[in-house]
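Chemist: I am sharing coords.cif, which consists of mmCIF, C-alpha atoms:
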data_final
#
loop_
_atom_site.group_PDB
_atom_site.id
_atom_site.type_symbol
_atom_site.label_atom_id
_atom_site.label_comp_id
_atom_site.auth_asym_id
_atom_site.auth_seq_id
_atom_site.Cartn_x
_atom_site.Cartn_y
_atom_site.Cartn_z
ATOM 1 C CA SER A 1 0.000 0.000 0.000
ATOM 2 C CA ALA A 2 1.091 3.562 -0.508
ATOM 3 C CA MET A 3 -0.306 6.580 1.252
ATOM 4 C CA ILE A 4 0.660 10.075 0.178
ATOM 5 C CA GLN A 5 0.283 13.123 2.385
ATOM 6 C CA ASP A 6 -0.319 16.436 0.613
ATOM 7 C CA GLY A 7 1.491 15.032 -2.409
ATOM 8 C CA ASN A 8 1.273 12.601 -5.249
ATOM 9 C CA VAL A 9 2.697 9.504 -6.859
ATOM 10 C CA SER A 10 4.738 10.480 -9.890
ATOM 11 C CA TYR A 11 7.128 9.007 -12.393
ATOM 12 C CA VAL A 12 10.494 10.722 -12.842
ATOM 13 C CA ALA A 13 12.452 10.640 -16.140
ATOM 14 C CA ASP A 14 11.468 8.458 -19.095
ATOM 15 C CA LEU A 15 8.254 6.488 -18.866
ATOM 16 C CA ALA A 16 9.841 3.057 -19.040
ATOM 17 C CA GLY A 17 8.682 1.176 -15.997
ATOM 18 C CA MET A 18 5.748 0.036 -13.960
ATOM 19 C CA MET A 19 4.730 0.041 -10.307
ATOM 20 C CA ASN A 20 2.084 -2.374 -9.061
ATOM 21 C CA PHE A 21 0.503 -2.576 -5.631
ATOM 22 C CA PHE A 22 -1.035 -5.812 -4.327
ATOM 23 C CA ASP A 23 -2.825 -6.833 -1.150
ATOM 24 C CA GLU A 24 -1.881 -9.928 0.821
ATOM 25 C CA ASN A 25 -4.165 -12.044 -1.385
ATOM 26 C CA GLY A 26 -2.450 -10.903 -4.556
ATOM 27 C CA ASN A 27 -5.260 -8.576 -5.638
ATOM 28 C CA PRO A 28 -4.312 -5.217 -7.212
ATOM 29 C CA ILE A 29 -4.986 -2.174 -5.024
ATOM 30 C CA ALA A 30 -5.065 1.519 -5.834
ATOM 31 C CA VAL A 31 -2.800 4.181 -4.408
ATOM 32 C CA GLN A 32 -4.516 6.205 -1.723
ATOM 33 C CA ASP A 33 -3.962 9.915 -2.255
ATOM 34 C CA ALA A 34 -5.018 11.918 0.772
ATOM 35 C CA ASP A 35 -6.316 15.377 -0.110
ATOM 36 C CA THR A 36 -5.345 16.776 3.251
ATOM 37 C CA ARG A 37 -2.515 16.130 5.625
ATOM 38 C CA LEU A 38 -3.017 13.056 7.742
ATOM 39 C CA PRO A 39 -3.460 13.667 11.458
ATOM 40 C CA ASP A 40 -0.342 12.833 13.447
ATOM 41 C CA ASP A 41 -2.166 10.047 15.261
ATOM 42 C CA SER A 42 -3.735 8.478 12.159
ATOM 43 C CA VAL A 43 -1.167 5.672 11.987
ATOM 44 C CA SER A 44 -0.348 5.617 15.723
ATOM 45 C CA ILE A 45 3.229 4.445 15.342
ATOM 46 C CA PRO A 46 5.021 4.862 18.663
ATOM 47 C CA LEU A 47 8.051 7.113 18.735
ATOM 48 C CA PRO A 48 11.145 4.884 18.794
ATOM 49 C CA ASP A 49 12.868 4.550 22.164
ATOM 50 C CA CYS A 50 16.594 5.100 21.640
ATOM 51 C CA ASN A 51 17.556 4.167 25.178
ATOM 52 C CA SER A 52 19.596 1.014 25.727
ATOM 53 C CA PRO A 53 19.489 -1.700 24.405
ATOM 54 C CA ALA A 54 18.839 0.216 21.182
ATOM 55 C CA VAL A 55 21.940 1.057 19.139
ATOM 56 C CA THR A 56 22.706 4.721 18.377
ATOM 57 C CA LEU A 57 24.903 5.599 15.397
ATOM 58 C CA SER A 58 25.812 8.972 13.938
ATOM 59 C CA LYS A 59 25.486 7.631 10.378
ATOM 60 C CA ILE A 60 25.559 4.580 8.136
ATOM 61 C CA ASP A 61 27.925 5.137 5.219
ATOM 62 C CA SER A 62 29.459 1.703 4.672
ATOM 63 C CA SER A 63 28.487 -1.963 4.611
ATOM 64 C CA MET A 64 26.919 -3.313 7.795
ATOM 65 C CA ASP A 65 25.300 -6.442 9.196
ATOM 66 C CA LEU A 66 22.629 -5.392 11.677
ATOM 67 C CA ALA A 67 21.634 -7.605 14.585
ATOM 68 C CA PRO A 68 17.910 -7.566 15.475
ATOM 69 C CA GLY A 69 16.826 -4.386 17.226
ATOM 70 C CA LEU A 70 16.342 -0.630 16.893
ATOM 71 C CA TYR A 71 19.025 1.527 15.251
ATOM 72 C CA CYS A 72 18.798 5.265 15.929
ATOM 73 C CA ILE A 73 20.716 7.253 13.316
ATOM 74 C CA THR A 74 21.305 10.735 14.680
ATOM 75 C CA GLY A 75 22.738 12.271 11.502
ATOM 76 C CA ASP A 76 24.337 15.695 11.794
ATOM 77 C CA PRO A 77 22.053 18.124 13.686
ATOM 78 C CA SER A 78 24.231 21.049 12.579
ATOM 79 C CA ASN A 79 23.859 20.038 8.919
ATOM 80 C CA PRO A 80 20.411 18.478 8.488
ATOM 81 C CA ASN A 81 20.814 18.417 4.699
ATOM 82 C CA LYS A 82 23.545 15.791 5.013
ATOM 83 C CA GLN A 83 22.492 12.204 4.431
ATOM 84 C CA ALA A 84 22.232 10.117 7.587
ATOM 85 C CA ILE A 85 22.376 6.921 5.536
ATOM 86 C CA LYS A 86 24.353 6.849 2.296
ATOM 87 C CA LEU A 87 25.374 3.615 0.597
ATOM 88 C CA THR A 88 27.122 3.216 -2.746
ATOM 89 C CA ALA A 89 26.779 0.489 -5.366
ATOM 90 C CA HIS A 90 29.418 -1.694 -3.691
ATOM 91 C CA ASP A 91 27.980 -1.527 -0.174
ATOM 92 C CA TYR A 92 25.529 -3.826 1.547
ATOM 93 C CA LEU A 93 23.076 -3.444 4.413
ATOM 94 C CA LYS A 94 21.599 -6.578 5.927
ATOM 95 C CA GLY A 95 19.398 -7.155 8.929
ATOM 96 C CA ASP A 96 16.453 -9.302 10.013
ATOM 97 C CA GLY A 97 14.174 -7.955 12.742
ATOM 98 C CA VAL A 98 15.414 -4.369 12.545
ATOM 99 C CA THR A 99 13.880 -0.898 12.769
ATOM 100 C CA ILE A 100 16.004 1.984 11.441
ATOM 101 C CA TYR A 101 15.091 5.366 12.948
ATOM 102 C CA VAL A 102 16.519 8.398 11.128
ATOM 103 C CA ILE A 103 16.464 11.445 13.401
ATOM 104 C CA ASN A 104 18.283 14.019 11.207
ATOM 105 C CA GLY A 105 19.078 13.955 7.500
ATOM 106 C CA GLY A 106 17.932 11.810 4.617
ATOM 107 C CA VAL A 107 18.511 8.344 3.169
ATOM 108 C CA GLU A 108 20.294 7.504 -0.076
ATOM 109 C CA ILE A 109 20.841 3.895 -1.113
ATOM 110 C CA ALA A 110 22.418 3.719 -4.564
ATOM 111 C CA GLY A 111 21.648 1.224 -7.292
ATOM 112 C CA GLY A 112 23.760 -1.888 -7.023
ATOM 113 C CA ALA A 113 23.876 -1.863 -3.233
ATOM 114 C CA ASP A 114 22.945 -5.211 -1.699
ATOM 115 C CA ILE A 115 19.899 -4.588 0.505
ATOM 116 C CA GLN A 116 18.485 -7.408 2.640
ATOM 117 C CA LEU A 117 16.307 -5.825 5.324
ATOM 118 C CA LYS A 118 13.313 -7.147 7.239
ATOM 119 C CA ALA A 119 11.308 -5.470 9.989
ATOM 120 C CA PRO A 120 10.638 -7.413 13.192
ATOM 121 C CA GLY A 121 7.568 -9.558 13.692
ATOM 122 C CA GLU A 122 5.329 -9.814 16.730
ATOM 123 C CA ASN A 123 8.113 -10.247 19.281
ATOM 124 C CA PRO A 124 10.762 -7.600 18.549
ATOM 125 C CA VAL A 125 13.908 -7.249 20.609
ATOM 126 C CA ASN A 126 16.103 -4.321 21.655
ATOM 127 C CA ASN A 127 13.386 -1.661 21.273
ATOM 128 C CA ALA A 128 12.564 -2.415 17.610
ATOM 129 C CA ILE A 129 8.973 -1.771 16.489
ATOM 130 C CA PRO A 130 6.911 -4.621 15.002
ATOM 131 C CA GLY A 131 6.470 -4.207 11.258
ATOM 132 C CA VAL A 132 8.410 -0.932 11.012
ATOM 133 C CA LEU A 133 11.535 -1.003 8.848
ATOM 134 C CA PHE A 134 12.322 2.713 8.321
ATOM 135 C CA TYR A 135 11.047 5.525 10.527
ATOM 136 C CA VAL A 136 12.249 8.844 9.063
ATOM 137 C CA ALA A 137 11.469 11.744 11.366
ATOM 138 C CA THR A 138 13.070 14.581 9.421
ATOM 139 C CA ASP A 139 10.953 17.139 7.603
ATOM 140 C CA GLY A 140 11.373 17.625 3.867
ATOM 141 C CA LYS A 141 14.398 15.332 3.431
ATOM 142 C CA ASP A 142 14.613 12.799 0.616
ATOM 143 C CA VAL A 143 14.484 9.053 1.062
ATOM 144 C CA ASP A 144 15.980 7.424 -2.054
ATOM 145 C CA LEU A 145 15.813 3.622 -2.081
ATOM 146 C CA SER A 146 17.196 1.621 -4.976
ATOM 147 C CA GLY A 147 16.650 -2.069 -5.526
ATOM 148 C CA ASN A 148 17.017 -4.923 -7.961
ATOM 149 C CA SER A 149 15.472 -8.353 -8.382
ATOM 150 C CA ASP A 150 17.653 -9.702 -5.536
ATOM 151 C CA SER A 151 16.774 -6.958 -3.050
ATOM 152 C CA VAL A 152 14.751 -7.737 0.063
ATOM 153 C CA MET A 153 12.847 -5.000 1.865
ATOM 154 C CA ALA A 154 10.012 -6.030 4.158
ATOM 155 C CA GLY A 155 8.213 -3.699 6.537
ATOM 156 C CA LEU A 156 6.752 -0.215 6.724
ATOM 157 C CA ILE A 157 8.693 2.702 5.239
ATOM 158 C CA TYR A 158 7.352 5.569 7.337
ATOM 159 C CA ALA A 159 8.471 9.006 6.130
ATOM 160 C CA PRO A 160 5.362 11.200 6.365
ATOM 161 C CA ASN A 161 7.231 14.476 5.771
ATOM 162 C CA ALA A 162 9.671 13.272 3.110
ATOM 163 C CA THR A 163 9.741 12.489 -0.586
ATOM 164 C CA VAL A 164 10.277 8.762 -1.026
ATOM 165 C CA THR A 165 11.822 7.742 -4.358
ATOM 166 C CA LEU A 166 11.929 4.077 -5.347
ATOM 167 C CA THR A 167 14.302 3.255 -8.142
ATOM 168 C CA GLY A 168 16.454 0.478 -9.523
ATOM 169 C CA SER A 169 17.070 -1.795 -12.461
ATOM 170 C CA SER A 170 14.731 -4.655 -13.334
ATOM 171 C CA THR A 171 12.621 -6.227 -16.054
ATOM 172 C CA MET A 172 8.986 -7.211 -16.318
ATOM 173 C CA SER A 173 9.888 -10.880 -15.812
ATOM 174 C CA THR A 174 12.147 -10.183 -12.798
ATOM 175 C CA PRO A 175 10.678 -7.130 -11.051
ATOM 176 C CA VAL A 176 11.873 -5.561 -7.833
ATOM 177 C CA THR A 177 9.510 -6.967 -5.207
ATOM 178 C CA PHE A 178 9.131 -5.298 -1.826
ATOM 179 C CA SER A 179 6.800 -6.561 0.908
ATOM 180 C CA THR A 180 6.148 -3.142 2.300
ATOM 181 C CA GLN A 181 3.921 -0.205 2.993
ATOM 182 C CA VAL A 182 5.079 3.273 1.989
ATOM 183 C CA ILE A 183 3.869 6.390 3.802
ATOM 184 C CA GLY A 184 5.399 9.615 2.507
ATOM 185 C CA ASN A 185 4.672 13.175 1.491
ATOM 186 C CA ASN A 186 5.407 12.208 -2.114
ATOM 187 C CA VAL A 187 6.298 8.845 -3.618
ATOM 188 C CA ASN A 188 8.263 8.745 -6.887
ATOM 189 C CA LEU A 189 9.139 5.896 -9.216
ATOM 190 C CA ARG A 190 12.332 6.547 -11.172
ATOM 191 C CA GLY A 191 14.408 4.709 -13.750
ATOM 192 C CA ASN A 192 13.834 1.733 -16.006
ATOM 193 C CA LEU A 193 12.032 -0.070 -13.258
ATOM 194 C CA TYR A 194 9.386 -2.722 -12.833
ATOM 195 C CA MET A 195 8.337 -2.936 -9.220
ATOM 196 C CA ASP A 196 5.763 -4.957 -7.305
ATOM 197 C CA ILE A 197 4.880 -3.696 -3.842
ATOM 198 C CA THR A 198 3.020 -6.474 -2.078
ATOM 199 C CA TYR A 199 1.356 -5.857 1.245
ATOM 200 C CA GLN A 200 1.695 -8.746 3.686
ATOM 201 C CA SER A 201 0.172 -7.946 7.039
ATOM 202 C CA GLU A 202 2.496 -10.217 8.996
ATOM 203 C CA LYS A 203 5.532 -8.322 7.647
ATOM 204 C CA ASN A 204 4.179 -4.799 8.111
ATOM 205 C CA TYR A 205 2.965 -2.494 10.837
ATOM 206 C CA ASN A 206 -0.526 -3.146 12.121
ATOM 207 C CA LYS A 207 -2.273 -0.664 14.344
ATOM 208 C CA PRO A 208 -2.733 -2.253 17.768
ATOM 209 C CA THR A 209 -6.280 -3.179 18.667
ATOM 210 C CA SER A 210 -7.921 -1.087 21.361
ATOM 211 C CA MET A 211 -11.005 -1.368 23.506
ATOM 212 C CA GLU A 212 -13.204 1.376 24.842
ATOM 213 C CA LEU A 213 -15.647 0.892 27.678
ATOM 214 C CA ALA A 214 -18.846 2.902 27.690
ATOM 215 C CA LYS A 215 -21.146 3.222 30.603
#
Turn this file's structure into structure tokens for me.

Modeler:
Amino acid sequence: SAMIQDGNVSYVADLAGMMNFFDENGNPIAVQDADTRLPDDSVSIPLPDCNSPAVTLSKIDSSMDLAPGLYCITGDPSNPNKQAIKLTAHDYLKGDGVTIYVINGGVEIAGGADIQLKAPGENPVNNAIPGVLFYVATDGKDVDLSGNSDSVMAGLIYAPNATVTLTGSSTMSTPVTFSTQVIGNNVNLRGNLYMDITYQSEKNYNKPTSMELAK
């Protein structure tokens, strides 16, 4: 699923690709374009807790294997335009059961980088949030995610105040397939890209059930 706040879904550069959205039963679904800004509590994702045992890093700019848990990326508060996460074509980022919380700056993962990332399930460890893969708190910063047919990205990409651009290299027979939700101010598809975004509830964030008692 993709939800756009005060923005749109657009295609950048030559029209030479395709983006498809599917529900967990494989049925096509439409992009939801909200005419007005979503209330802050509409998704009810808890603010990540960066206290121990969460891991706090100033940046990610080289290959890493991430153990399960929450990773708080502080970025550079004095230079918020600097990327908090920047990976080149020869880097990799791997982790199962992880939530990556970007506090300052943007995200740039170049084409050719080896991305194997999965959000935690029902029983997260080390302050990770079930179903949440990326939580980008910065306002107006870009989140550029590139993939290929071997990429794995499962979990919610939550960047309500950012422009999320999905790009990569693929063909119709071997599309980039992400098991994700995308929540952003704008969502762009760029490059010669065929992408399937398949929603699977067990791999994504689900709003906790609640009960109200009335007298």

Chemist: Can you spell out as an MDAnalysis selection string the set of residues that the PyMOL selection byres ((chain A and resi 102-107) around 12) selects in the structure I just provided?

Modeler: chainID A and resid 47:50 56:61 70:88 99:101 108:110 133:146 157:159 161:166

Chemist: For CA of Asn148 (chain A) and CA of Pro68 (chain A), determine how far apart the two atoms are, in Å to one decimal place.

Modeler: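 CA of Pro68 (chain A) lies at a distance of 23.6 Å from CA of Asn148 (chain A).
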
Chemist: Using Å and a single decimal, report how far CA of Pro46 (chain A) sits from CA of Val125 (chain A).

Modeler: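 Interatomic distance here is 15.1 Å.
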
Chemist: Contacts of Tyr92 (chain A) at 6 Å or less, counting all atoms listed in the file, minus same-chain residues fewer than 5 places along, as a ChimeraX atom specification?

Modeler: /A:63,113-115

Chemist: Residues of the last selection are to be written out with C-alpha atoms, as a PDB file, in the coordinates of the input.

Modeler:
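Writing done, so here's result-v1.pdb:
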ATOM      1  CA  SER A  63      28.487  -1.963   4.611  1.00  0.00           C
ATOM      2  CA  ALA A 113      23.876  -1.863  -3.233  1.00  0.00           C
ATOM      3  CA  ASP A 114      22.945  -5.211  -1.699  1.00  0.00           C
ATOM      4  CA  ILE A 115      19.899  -4.588   0.505  1.00  0.00           C
TER       5      ILE A 115
END

Chemist: For a test of reading the model, state the distance in Å between CA of Ser149 (chain A) and CA of Phe178 (chain A), rounded to one decimal.

Modeler: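 These atoms are spaced 9.6 Å apart.
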
Chemist: Once the PyMOL selection byres ((chain A and resi 184) around 6) is applied to the coordinates I shared, what remains selected? I want it as a list in words.

Modeler: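 Applied to this file, the PyMOL selection byres ((chain A and resi 184) around 6) returns Ile4, Ala159, Pro160, Ala162, Ile183, Asn185 and Asn186 of chain A.
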
Chemist: If you keep C-alpha atoms, can you produce a file of those selected residues as a PDB file, in the coordinates of the input?

Modeler:
ATOM      1  CA  ILE A   4       0.660  10.075   0.178  1.00  0.00           C
ATOM      2  CA  ALA A 159       8.471   9.006   6.130  1.00  0.00           C
ATOM      3  CA  PRO A 160       5.362  11.200   6.365  1.00  0.00           C
ATOM      4  CA  ALA A 162       9.671  13.272   3.110  1.00  0.00           C
ATOM      5  CA  ILE A 183       3.869   6.390   3.802  1.00  0.00           C
ATOM      6  CA  ASN A 185       4.672  13.175   1.491  1.00  0.00           C
ATOM      7  CA  ASN A 186       5.407  12.208  -2.114  1.00  0.00           C
TER       8      ASN A 186
END

Chemist: Using all atoms listed in the file, which of A:Val152, A:Leu189, A:Ile45, A:Ala54 sits nearest Leu117 (chain A)?

Modeler: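 Looking at the shortest contact to Leu117 (chain A), the residue is A:Val152.
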
Chemist: Neighbouring residues of Asp65 (chain A) were defined as those with any atom within 10 Å, considering all atoms listed in the file; residues of the same chain fewer than 4 positions away were excluded. Please report them as a VMD selection string.

Modeler: chain A and resid 92 to 96 116 to 117

Chemist: May I have the centre and edge lengths, in Å to one decimal, of an axis-aligned box around the listed atoms of region 100-111 of chain A with 6 Å added to every side, as JSON?

Modeler:
{"center_x": 18.8, "center_y": 7.6, "center_z": 3.1, "size_x": 19.3, "size_y": 24.8, "size_z": 32.7}

Chemist: Name the closest residue to Val187 (chain A) among the candidates A:Asn127, A:Ser52, A:Ser62, A:Thr167; distances are taken between atoms, counting all atoms listed in the file.

Modeler: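 Looking at the shortest contact to Val187 (chain A), the residue is A:Thr167.
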
Chemist: Please determine, counting only C-alpha atoms, which residue among A:Asn188, A:Gly131, A:Gly111, A:Pro53 has the shortest atom-to-atom distance to Ser151 (chain A).

Modeler: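 Ranked by minimum distance to Ser151 (chain A), first place goes to A:Gly111.
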
Chemist: Calculated over all atoms listed in the file, which of the candidates A:Ala89, A:Ala119, A:Val132, A:Ala154 has the smallest distance to Gly168 (chain A)?

Modeler: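 For Gly168 (chain A), the nearest of the candidates is A:Ala89.
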